[in-house]
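Structure file coords11.cif; described as mmCIF, C-alpha atoms.
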data_coords
loop_
_atom_site.group_PDB
_atom_site.id
_atom_site.type_symbol
_atom_site.label_atom_id
_atom_site.label_comp_id
_atom_site.auth_asym_id
_atom_site.auth_seq_id
_atom_site.Cartn_x
_atom_site.Cartn_y
_atom_site.Cartn_z
ATOM 1 C CA MET A 71 25.753 18.470 71.802
ATOM 2 C CA SER A 72 28.450 19.999 73.947
ATOM 3 C CA ASP A 73 27.757 21.988 77.096
ATOM 4 C CA ARG A 74 29.475 24.958 75.423
ATOM 5 C CA PRO A 75 27.291 27.618 73.798
ATOM 6 C CA SER A 76 26.882 26.720 70.134
ATOM 7 C CA VAL A 77 27.079 28.986 67.105
ATOM 8 C CA TYR A 78 25.300 28.244 63.834
ATOM 9 C CA LEU A 79 27.652 29.127 60.970
ATOM 10 C CA ALA A 80 25.533 30.539 58.145
ATOM 11 C CA GLY A 81 26.968 31.415 54.770
ATOM 12 C CA PRO A 82 27.442 30.418 51.165
ATOM 13 C CA GLU A 83 30.451 28.241 51.988
ATOM 14 C CA VAL A 84 28.191 25.165 51.736
ATOM 15 C CA PHE A 85 28.299 25.662 47.954
ATOM 16 C CA PHE A 86 32.103 25.659 47.729
ATOM 17 C CA PRO A 87 34.279 22.712 46.651
ATOM 18 C CA ASP A 88 34.545 20.147 49.456
ATOM 19 C CA THR A 89 38.223 20.729 50.253
ATOM 20 C CA LEU A 90 37.779 24.478 50.677
ATOM 21 C CA ARG A 91 34.433 24.161 52.503
ATOM 22 C CA ILE A 92 35.898 21.673 54.969
ATOM 23 C CA HIS A 93 38.973 23.856 55.536
ATOM 24 C CA ILE A 94 36.842 26.937 56.245
ATOM 25 C CA ASP A 95 34.519 24.988 58.575
ATOM 26 C CA GLU A 96 37.477 23.568 60.495
ATOM 27 C CA ARG A 97 39.132 26.988 60.894
ATOM 28 C CA LYS A 98 35.888 28.620 62.051
ATOM 29 C CA LYS A 99 35.217 25.817 64.540
ATOM 30 C CA ALA A 100 38.787 25.998 65.886
ATOM 31 C CA ILE A 101 38.527 29.762 66.389
ATOM 32 C CA LEU A 102 35.207 29.327 68.182
ATOM 33 C CA ALA A 103 36.596 26.500 70.340
ATOM 34 C CA ASP A 104 39.496 28.757 71.378
ATOM 35 C CA VAL A 105 36.973 31.046 73.102
ATOM 36 C CA GLY A 106 34.776 28.278 74.527
ATOM 37 C CA LEU A 107 32.146 28.110 71.788
ATOM 38 C CA GLN A 108 31.071 25.221 69.571
ATOM 39 C CA GLY A 109 30.538 25.731 65.839
ATOM 40 C CA LEU A 110 27.585 24.097 64.082
ATOM 41 C CA SER A 111 27.763 24.046 60.297
ATOM 42 C CA PRO A 112 25.077 23.006 57.816
ATOM 43 C CA SER A 113 27.821 20.764 56.421
ATOM 44 C CA ASP A 114 27.696 18.776 59.678
ATOM 45 C CA ASN A 115 24.384 17.277 58.581
ATOM 46 C CA GLN A 116 24.847 13.743 57.260
ATOM 47 C CA LEU A 117 21.974 13.491 54.806
ATOM 48 C CA ASP A 118 21.072 10.800 52.298
ATOM 49 C CA LEU A 119 19.997 13.129 49.503
ATOM 50 C CA GLU A 120 19.993 10.439 46.810
ATOM 51 C CA ASN A 121 17.248 8.454 48.552
ATOM 52 C CA ALA A 122 15.278 11.413 49.890
ATOM 53 C CA ALA A 123 11.771 11.970 48.538
ATOM 54 C CA ASP A 124 12.385 15.737 48.725
ATOM 55 C CA PRO A 125 16.106 16.576 49.108
ATOM 56 C CA GLY A 126 15.477 20.327 49.430
ATOM 57 C CA GLN A 127 13.014 19.822 52.278
ATOM 58 C CA LEU A 128 15.418 17.397 53.977
ATOM 59 C CA ILE A 129 18.214 19.991 53.884
ATOM 60 C CA TYR A 130 15.893 22.747 55.159
ATOM 61 C CA ASP A 131 14.634 20.597 58.050
ATOM 62 C CA ALA A 132 18.154 19.555 59.068
ATOM 63 C CA ASN A 133 19.448 23.144 58.953
ATOM 64 C CA LYS A 134 16.432 24.407 60.911
ATOM 65 C CA GLN A 135 17.077 21.776 63.573
ATOM 66 C CA LEU A 136 20.694 22.964 63.862
ATOM 67 C CA MET A 137 19.519 26.579 64.162
ATOM 68 C CA ASP A 138 16.993 25.591 66.839
ATOM 69 C CA GLU A 139 19.749 23.806 68.791
ATOM 70 C CA ALA A 140 22.220 26.687 68.423
ATOM 71 C CA THR A 141 22.677 29.389 71.025
ATOM 72 C CA ALA A 142 23.747 32.047 68.515
ATOM 73 C CA LEU A 143 24.671 32.739 64.879
ATOM 74 C CA ILE A 144 27.529 34.130 62.824
ATOM 75 C CA ALA A 145 26.491 34.843 59.223
ATOM 76 C CA ASN A 146 28.831 35.361 56.285
ATOM 77 C CA LEU A 147 27.038 38.134 54.396
ATOM 78 C CA THR A 148 29.709 38.611 51.737
ATOM 79 C CA PRO A 149 28.071 39.327 48.356
ATOM 80 C CA PHE A 150 27.305 36.011 46.652
ATOM 81 C CA ARG A 151 26.159 35.584 43.044
ATOM 82 C CA GLY A 152 25.446 39.302 42.803
ATOM 83 C CA PRO A 153 25.684 42.483 44.868
ATOM 84 C CA SER A 154 23.913 41.086 47.950
ATOM 85 C CA ALA A 155 24.400 38.257 50.432
ATOM 86 C CA ASP A 156 23.266 34.669 49.819
ATOM 87 C CA ALA A 157 19.462 34.417 50.096
ATOM 88 C CA GLY A 158 19.593 31.314 52.309
ATOM 89 C CA THR A 159 21.993 33.029 54.704
ATOM 90 C CA ILE A 160 19.684 36.050 54.836
ATOM 91 C CA PHE A 161 16.787 33.742 55.785
ATOM 92 C CA GLU A 162 18.894 32.076 58.485
ATOM 93 C CA LEU A 163 19.866 35.458 59.918
ATOM 94 C CA GLY A 164 16.229 36.571 60.061
ATOM 95 C CA TYR A 165 15.185 33.260 61.623
ATOM 96 C CA MET A 166 17.780 33.522 64.375
ATOM 97 C CA ILE A 167 17.052 37.183 65.103
ATOM 98 C CA ALA A 168 13.315 36.376 65.289
ATOM 99 C CA ALA A 169 14.165 33.569 67.730
ATOM 100 C CA GLY A 170 15.957 36.119 69.926
ATOM 101 C CA LYS A 171 19.360 34.485 69.474
ATOM 102 C CA PRO A 172 22.501 36.650 69.510
ATOM 103 C CA SER A 173 23.688 37.190 65.942
ATOM 104 C CA VAL A 174 26.671 38.756 64.208
ATOM 105 C CA GLY A 175 27.182 39.273 60.496
ATOM 106 C CA PHE A 176 30.381 39.792 58.574
ATOM 107 C CA SER A 177 31.372 40.547 55.014
ATOM 108 C CA VAL A 178 34.854 40.560 53.525
ATOM 109 C CA CYS A 179 33.588 43.312 51.202
ATOM 110 C CA LYS A 180 34.268 46.955 52.087
ATOM 111 C CA THR A 181 32.247 48.423 49.214
ATOM 112 C CA PRO A 182 28.821 49.605 50.440
ATOM 113 C CA TYR A 183 25.738 47.964 48.968
ATOM 114 C CA ASN A 184 24.567 51.124 47.195
ATOM 115 C CA GLN A 185 27.902 51.289 45.329
ATOM 116 C CA ARG A 186 27.693 47.616 44.327
ATOM 117 C CA VAL A 187 24.297 47.972 42.643
ATOM 118 C CA LYS A 188 24.602 49.321 39.121
ATOM 119 C CA GLY A 189 22.640 52.464 38.571
ATOM 120 C CA LYS A 190 22.662 56.164 38.006
ATOM 121 C CA ASP A 191 21.186 58.981 40.061
ATOM 122 C CA GLY A 192 20.029 56.578 42.776
ATOM 123 C CA VAL A 193 18.058 54.179 40.561
ATOM 124 C CA ASP A 194 18.944 50.875 38.920
ATOM 125 C CA SER A 195 18.519 50.002 35.243
ATOM 126 C CA ASN A 196 14.859 49.101 35.895
ATOM 127 C CA GLY A 197 14.119 52.476 37.475
ATOM 128 C CA ALA A 198 13.902 51.097 41.030
ATOM 129 C CA ALA A 199 15.445 53.113 43.867
ATOM 130 C CA ILE A 200 18.803 52.012 45.278
ATOM 131 C CA GLU A 201 19.131 52.382 49.049
ATOM 132 C CA PRO A 202 21.463 55.377 49.529
ATOM 133 C CA PHE A 203 22.626 54.557 53.069
ATOM 134 C CA GLY A 204 26.142 53.198 52.466
ATOM 135 C CA LEU A 205 25.481 50.060 54.508
ATOM 136 C CA CYS A 206 27.117 46.664 54.119
ATOM 137 C CA ASP A 207 23.925 45.246 52.552
ATOM 138 C CA ASN A 208 20.198 45.933 52.563
ATOM 139 C CA LEU A 209 19.170 48.077 55.544
ATOM 140 C CA MET A 210 17.026 45.244 56.939
ATOM 141 C CA LEU A 211 20.191 43.194 57.479
ATOM 142 C CA ASP A 212 22.484 45.861 58.912
ATOM 143 C CA CYS A 213 19.824 47.647 60.960
ATOM 144 C CA GLY A 214 18.124 44.398 61.978
ATOM 145 C CA LEU A 215 21.370 43.122 63.454
ATOM 146 C CA VAL A 216 21.934 46.345 65.373
ATOM 147 C CA ARG A 217 18.353 46.481 66.720
ATOM 148 C CA ALA A 218 18.697 42.878 67.893
ATOM 149 C CA GLY A 219 21.892 43.741 69.778
ATOM 150 C CA GLY A 220 24.173 42.253 67.140
ATOM 151 C CA HIS A 221 26.872 43.687 64.979
ATOM 152 C CA MET A 222 27.986 43.794 61.337
ATOM 153 C CA VAL A 223 31.740 43.424 60.817
ATOM 154 C CA HIS A 224 33.159 44.881 57.600
ATOM 155 C CA GLY A 225 36.197 43.638 55.732
ATOM 156 C CA ALA A 226 38.663 45.454 53.516
ATOM 157 C CA ARG A 227 38.235 43.851 50.088
ATOM 158 C CA PRO A 228 36.733 45.937 47.274
ATOM 159 C CA TYR A 229 33.706 44.531 45.463
ATOM 160 C CA LEU A 230 34.445 42.825 42.188
ATOM 161 C CA GLU A 231 31.598 42.810 39.694
ATOM 162 C CA ARG A 232 32.522 39.278 38.668
ATOM 163 C CA GLY A 233 32.114 38.323 42.331
ATOM 164 C CA PHE A 234 34.472 36.936 44.915
ATOM 165 C CA ALA A 235 36.229 33.647 44.293
ATOM 166 C CA PRO A 236 35.326 31.001 46.908
ATOM 167 C CA GLU A 237 38.763 31.239 48.535
ATOM 168 C CA ASP A 238 38.198 34.979 49.116
ATOM 169 C CA PHE A 239 35.090 34.469 51.280
ATOM 170 C CA PHE A 240 37.042 33.644 54.418
ATOM 171 C CA ASP A 241 39.214 36.193 56.172
ATOM 172 C CA GLU A 242 40.425 34.710 59.456
ATOM 173 C CA ALA A 243 41.125 38.058 61.154
ATOM 174 C CA LEU A 244 37.678 39.318 60.169
ATOM 175 C CA PHE A 245 36.021 36.144 61.467
ATOM 176 C CA ILE A 246 37.910 36.523 64.761
ATOM 177 C CA ARG A 247 36.490 40.049 65.078
ATOM 178 C CA ALA A 248 32.985 38.660 64.481
ATOM 179 C CA VAL A 249 33.575 35.988 67.144
ATOM 180 C CA GLN A 250 34.744 38.652 69.608
ATOM 181 C CA HIS A 251 31.547 40.640 69.061
ATOM 182 C CA LEU A 252 29.429 37.519 69.496
ATOM 183 C CA ARG A 253 31.320 36.454 72.615
ATOM 184 C CA SER A 254 30.661 39.888 74.129
ATOM 185 C CA ALA A 255 26.944 39.502 73.343
ATOM 186 C CA LEU A 256 26.869 36.073 74.993
ATOM 187 C CA LEU A 257 28.513 37.220 78.253
#
Re-express the file's structure as structure tokens.
Amino acid sequence: MSDRPSVYLAGPEVFFPDTLRIHIDERKKAILADVGLQGLSPSDNQLDLENAADPGQLIYDANKQLMDEATALIANLTPFRGPSADAGTIFELGYMIAAGKPSVGFSVCKTPYNQRVKGKDGVDSNGAAIEPFGLCDNLMLDCGLVRAGGHMVHGARPYLERGFAPEDFFDEALFIRAVQHLRSALL
């Protein structure tokens, strides 16, 4: 570990093709290093999944250890596999907020959550209410970040029902804005 404050990089990028995932990790870490922070990515874990008795548990334990070591978090909350953020990233955000660690979320998507969920007259096709608040995602994410002293940074890309292509999940200028908010919270 470095003596610089460390930032756990949560997001669905771990599921992307290796070349793209590595590129995004390297860019994020370089941006963080430019302001005196160290990036910690779940991809940093060197795990022997083929010989693990329980690969899922091994990944969870390694990621939890990184989160415990980290000073803060930046979470990519761009809609993933549907209208909401990646479930694992949501867990990581809640874990870090509960641990009292400064956290910032960002999404390249400008379309509010309530407009991304299909429905009519405020309810979805199953008759369940759709949050009408125009937030980036579920109110527990947006409002939870704010209550914890964090921030949600919004991008400019419209939501596509087919979802965002992996290469569209990283917007360098948007990530820099998220880093600036986190840096302010750490000072």
- Message: List the spatial neighbours of Val105 in chain A as a ChimeraX atom specification - criterion: any atom at most 12 Å away, only C-alpha atoms, same-chain residues fewer than 4 positions off excluded.
- Response: /A:74-77,98-101,109,246,249-254,256-257
Review point. So which residues touch Pro153 in chain A within 8 Å, counting all atoms listed in the file, skipping near sequence neighbours fewer than 5 positions away, as a list in words?
Key: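 Near neighbours after the sequence-gap exclusion: Tyr183, Arg186, Val187 and Glu231 of chain A.
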query: Taking all atoms listed in the file into account, which of A:Arg227, A:Arg247, A:Arg217, A:Arg232 comes nearest Val178 in chain A?
result: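 Once distances to Val178 in chain A are computed over all atoms listed in the file, the minimum belongs to A:Arg227.
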* Asked: Hey, what's within 10 Å of Asn115 in chain A if we count only C-alpha atoms and toss same-chain stuff fewer than 3 positions away? As number ranges by chain, please?
  -> A: 110-112, 118, 129, 132-133, 135-136
>> If we count all atoms listed in the file and set the cut-off at 12 Å, which residues sit around range 205-210 of chain A, ignoring sequence neighbours fewer than 2 positions away in its own chain? Please answer as a VMD selection string.
In response: chain A and resid 146 to 150 152 to 157 160 to 161 163 to 164 167 175 to 187 200 to 203 212 to 218 221 to 226 228 to 229
Legend entry - Length of the CA of Met137 in chain A to CA of Phe85 in chain A vector [Å]: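 CA of Phe85 in chain A lies 18.5 Å from CA of Met137 in chain A.
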Give as a PDB file with C-alpha atoms, in the frame of the given file the residues that the PyMOL selection byres ((chain A and resi 169) around 12) matches when applied to the coordinates above.
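Wrote selection-v2.pdb, looks like this:
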ATOM      1  CA  LYS A 134      16.432  24.407  60.911  1.00  0.00           C
ATOM      2  CA  MET A 137      19.519  26.579  64.162  1.00  0.00           C
ATOM      3  CA  ASP A 138      16.993  25.591  66.839  1.00  0.00           C
ATOM      4  CA  GLU A 139      19.749  23.806  68.791  1.00  0.00           C
ATOM      5  CA  ALA A 140      22.220  26.687  68.423  1.00  0.00           C
ATOM      6  CA  THR A 141      22.677  29.389  71.025  1.00  0.00           C
ATOM      7  CA  ALA A 142      23.747  32.047  68.515  1.00  0.00           C
ATOM      8  CA  LEU A 143      24.671  32.739  64.879  1.00  0.00           C
ATOM      9  CA  GLU A 162      18.894  32.076  58.485  1.00  0.00           C
ATOM     10  CA  LEU A 163      19.866  35.458  59.918  1.00  0.00           C
ATOM     11  CA  GLY A 164      16.229  36.571  60.061  1.00  0.00           C
ATOM     12  CA  TYR A 165      15.185  33.260  61.623  1.00  0.00           C
ATOM     13  CA  MET A 166      17.780  33.522  64.375  1.00  0.00           C
ATOM     14  CA  ILE A 167      17.052  37.183  65.103  1.00  0.00           C
ATOM     15  CA  ALA A 168      13.315  36.376  65.289  1.00  0.00           C
ATOM     16  CA  GLY A 170      15.957  36.119  69.926  1.00  0.00           C
ATOM     17  CA  LYS A 171      19.360  34.485  69.474  1.00  0.00           C
ATOM     18  CA  PRO A 172      22.501  36.650  69.510  1.00  0.00           C
ATOM     19  CA  SER A 173      23.688  37.190  65.942  1.00  0.00           C
ATOM     20  CA  ALA A 218      18.697  42.878  67.893  1.00  0.00           C
TER      21      ALA A 218
END
Between CA of Pro87 in chain A and CA of Asp124 in chain A lies a distance of 23.1 Å
What is the distance between CA of Ile144 in chain A and CA of Ala80 in chain A, in Å to one decimal?
->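 Here the two named atoms are 6.2 Å from each other.
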Nearest to Asp73 in chain A by atom-to-atom distance, counting only C-alpha atoms, from A:Leu211, A:Ala235, A:Leu230, A:Leu107
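So, comparing all the options, the nearest one is A:Leu107.
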Given the choices A:Arg151, A:Asp131, A:Arg97, A:Ala248, which gets closest to Pro236 in chain A if the distance is worked out from all atoms listed in the file?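 The shortest atom-to-atom distance to Pro236 in chain A comes from A:Arg151.
Nearest to Phe239 in chain A of all the residues A:Ala145, A:Ala123, A:Leu102, A:Tyr78 is A:Ala145, counting only C-alpha atoms.
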